[in-house]
Amino acid sequence: MTIEGFRHRAPASHGRRGSLVILALVSALLAGCSRPTGDFDRAAPSVVHDKLMPAAGAELATNRGEPVSRFNLTDDEQELRDRAWTLIRPPSSRDWIEGSRTELMRTRILPETSGRIDPMRYYDFLRSDRYASSQVRYDRVAADATGDAALVDPFCKVALRVAKADQERLRALGRRDISTREELAGAQARVWENKRMTEWAGHALRFRLVSYRKAIDALEIETPSGDKVWDANVAWKRLAAEVVRLEKGCDVSNRYGQDTPLRRSRIYSNWGTERPPLQK
């Protein structure tokens with residue numbers, strides 16, 4: 001491009017960046033609280049969170065050099081994002097500061113790696129709640145861990161469907177003699193976005209696991225309760241098994257970490273106690 005051409009295009013580019021910054025700032029101000037929720041803490045429809053913020057985030061992510069797809073979402077891809085949100089949000093629903101920051105990362109206004117959350121925040125909110133009994137805090141941790149564990153299976157099912165569809169998408173591109181640059185870039189970016197969402201859910205669930213572990217250990221020192229500690233630990237171990245499953249690509253085999261039964265050797269068939277009883 002000539003210098004004259006660059007000078008001619010510069011004002012438009014500058015104007016677009018300025019509009020983008022304004023749009024992002026307005027979105028951030030409107031997102032003063034985390035994503036709104038409805039029944040069972042599910043994401044509630046919101047023009048700001050579903051339209052305005054993602055639009056600003058897509059432009060900002062493009063400027064950061066991240067892959068951004070303009071393709072429409074499939075039903076499974078939309079479900080993947082909805083289910084992932086229940087895992088990536090902070091474990092304490094009262095943590096609106098981290099909830100807002102997570103929402104800005106979800107919509108890509110902020111990059112995903114913008115800082116780390118202190119895993120003790122969950123315990124800080126837990127111990128600040130006033131309960132009639134100290135044992136209720138153990139019940140809270142056990143309920144949260146059990147609830148998170150139950151979210152993994154439906155998330156894995158849709159994640160596997162999305163991964164299979166992505167393979168089909170890439171195979172379709174390979175069969176095409178001629179694909180436009182837009183098709184190629186859009187397909188590759190969507191595959192990257194889907195994989196990023198699945199991996200982010202796994203990282204977030206691992207963070208919850210650490211948060212619950214620290215809370216249980218702290219509660220055992222602050223307000224000991226043998227039976228409740230045991231219940232909380234059982235729930236924690238169940239979640240740990242689901243986290244490992246998700247991190248291994250949603251492998252459904254050996255789901256809860258049991259040892260796989262060893263197959264008996266044919267050499268010892270019908271030997272010793274395995275010998276059939278004598279027939280009279």
# chains A, B, ... in the order shown; residues from 1 in each chain; ligands from 1
>>> closest_atom_pairs(of="region 118-147 of chain A", to="region 222-239 of chain A", cutoff="9 Å", atoms="only C-alpha atoms", output="CSV")
residue,atom,partner,partner_atom,distance
A:Ser134,CA,A:Thr223,CA,6.6
A:Gln135,CA,A:Lys228,CA,6.7
A:Val136,CA,A:Lys228,CA,8.8
A:Tyr138,CA,A:Lys228,CA,5.9
A:Asp139,CA,A:Ala232,CA,7.0
A:Arg140,CA,A:Ala232,CA,8.7
A:Val141,CA,A:Ala232,CA,6.4
A:Ala142,CA,A:Ala232,CA,4.5
A:Ala143,CA,A:Ala235,CA,7.7
A:Asp144,CA,A:Ala235,CA,8.7
A:Ala145,CA,A:Ala235,CA,5.8
A:Thr146,CA,A:Ala235,CA,5.5
A:Gly147,CA,A:Leu239,CA,8.8
>>> residues_around(residues="Val152 (chain A)", least_positions_apart="3", cutoff="12 Å", atoms="only C-alpha atoms", output="PyMOL selection string")
chain A and resi 80+83-84+86-87+145-149+155-160+198+201-202+204-206+238-247+249-252+255
>>> closest_atom_pairs(of="region 91-204 of chain A", to="region 57-78 of chain A", cutoff="12 Å", atoms="only C-alpha atoms", output="tab-separated table")
residue	atom	partner	partner_atom	distance
A:Glu103	CA	A:Gly57	CA	10.7
A:Leu104	CA	A:Gly57	CA	8.1
A:Met105	CA	A:Gly57	CA	8.5
A:Arg106	CA	A:Gly57	CA	8.7
A:Thr107	CA	A:Gly57	CA	5.4
A:Arg108	CA	A:Gly57	CA	4.3
A:Ile109	CA	A:Gly57	CA	4.0
A:Leu110	CA	A:Gly57	CA	7.5
A:Pro111	CA	A:Ala61	CA	7.6
A:Glu112	CA	A:Ala61	CA	10.3
A:Pro154	CA	A:Asp76	CA	11.6
A:Phe155	CA	A:Asp76	CA	10.4
A:Cys156	CA	A:Asp76	CA	11.5
A:Lys157	CA	A:Asp76	CA	9.9
A:Val158	CA	A:Asp76	CA	6.2
A:Ala159	CA	A:Asp76	CA	8.1
A:Leu160	CA	A:Asp76	CA	9.8
A:Arg161	CA	A:Asp76	CA	7.2
A:Val162	CA	A:Asp76	CA	6.3
A:Ala163	CA	A:Glu77	CA	9.7
A:Lys164	CA	A:Asp76	CA	10.9
A:Ala165	CA	A:Asp76	CA	9.2
A:Asp166	CA	A:Glu77	CA	10.1
A:Arg169	CA	A:Thr74	CA	11.9
A:Glu182	CA	A:Arg70	CA	9.2
A:Glu183	CA	A:Phe71	CA	8.9
A:Leu184	CA	A:Ser69	CA	10.0
A:Ala185	CA	A:Ser69	CA	7.4
A:Gly186	CA	A:Ser69	CA	4.6
A:Ala187	CA	A:Ser69	CA	7.1
A:Gln188	CA	A:Ser69	CA	8.0
A:Ala189	CA	A:Pro67	CA	4.9
A:Arg190	CA	A:Ser69	CA	5.3
A:Val191	CA	A:Ser69	CA	8.9
A:Trp192	CA	A:Pro67	CA	7.2
A:Glu193	CA	A:Pro67	CA	7.6
A:Asn194	CA	A:Glu77	CA	7.3
A:Lys195	CA	A:Glu77	CA	10.7
A:Arg196	CA	A:Pro67	CA	10.6
A:Met197	CA	A:Glu77	CA	9.8
A:Thr198	CA	A:Glu77	CA	10.6
>>> atom_distance(atom1="CA of Met120 (chain A)", atom2="CA of Ser211 (chain A)")
6.2 Å
>>> closest_residue(among="A:Arg130, A:Arg101, A:Arg121, A:Arg81", to="Val210 (chain A)", atoms="only C-alpha atoms")
A:Arg121
>>> decode(residues="region 83-94 of chain A", atoms="N, CA, C and O atoms", output="compact mmCIF listing (two decimals), in the first residue's frame")
# COMPACT_ATOMS: atom_id res chain seq x y z
N ARG A 83 -23.65 -24.02 29.13
CA ARG A 83 -23.26 -24.95 30.19
C ARG A 83 -21.88 -24.60 30.75
O ARG A 83 -21.62 -24.78 31.94
N ALA A 84 -21.00 -24.13 29.88
CA ALA A 84 -19.66 -23.75 30.35
C ALA A 84 -19.75 -22.59 31.33
O ALA A 84 -18.97 -22.52 32.28
N TRP A 85 -20.68 -21.69 31.10
CA TRP A 85 -20.81 -20.52 31.99
C TRP A 85 -21.08 -20.94 33.42
O TRP A 85 -20.59 -20.31 34.37
N THR A 86 -21.85 -22.02 33.63
CA THR A 86 -22.14 -22.46 34.99
C THR A 86 -20.90 -22.98 35.69
O THR A 86 -20.89 -23.08 36.92
N LEU A 87 -19.86 -23.32 34.92
CA LEU A 87 -18.62 -23.83 35.50
C LEU A 87 -17.54 -22.77 35.65
O LEU A 87 -16.71 -22.85 36.54
N ILE A 88 -17.53 -21.77 34.76
CA ILE A 88 -16.45 -20.79 34.79
C ILE A 88 -16.75 -19.63 35.75
O ILE A 88 -15.83 -18.92 36.15
N ARG A 89 -17.99 -19.45 36.13
CA ARG A 89 -18.30 -18.36 37.07
C ARG A 89 -17.71 -18.69 38.44
O ARG A 89 -17.44 -19.85 38.74
N PRO A 90 -17.48 -17.69 39.29
CA PRO A 90 -16.90 -17.95 40.62
C PRO A 90 -17.77 -18.90 41.43
O PRO A 90 -19.00 -18.89 41.29
N PRO A 91 -17.17 -19.74 42.27
CA PRO A 91 -17.96 -20.70 43.04
C PRO A 91 -18.92 -20.06 44.04
O PRO A 91 -19.93 -20.65 44.38
N SER A 92 -18.61 -18.86 44.50
CA SER A 92 -19.52 -18.16 45.41
C SER A 92 -20.39 -17.19 44.61
O SER A 92 -19.88 -16.31 43.91
N SER A 93 -21.70 -17.36 44.68
CA SER A 93 -22.61 -16.49 43.93
C SER A 93 -22.58 -15.06 44.45
O SER A 93 -23.02 -14.14 43.75
N ARG A 94 -22.05 -14.83 45.66
CA ARG A 94 -21.98 -13.49 46.23
C ARG A 94 -20.75 -12.72 45.77
O ARG A 94 -20.62 -11.53 46.05
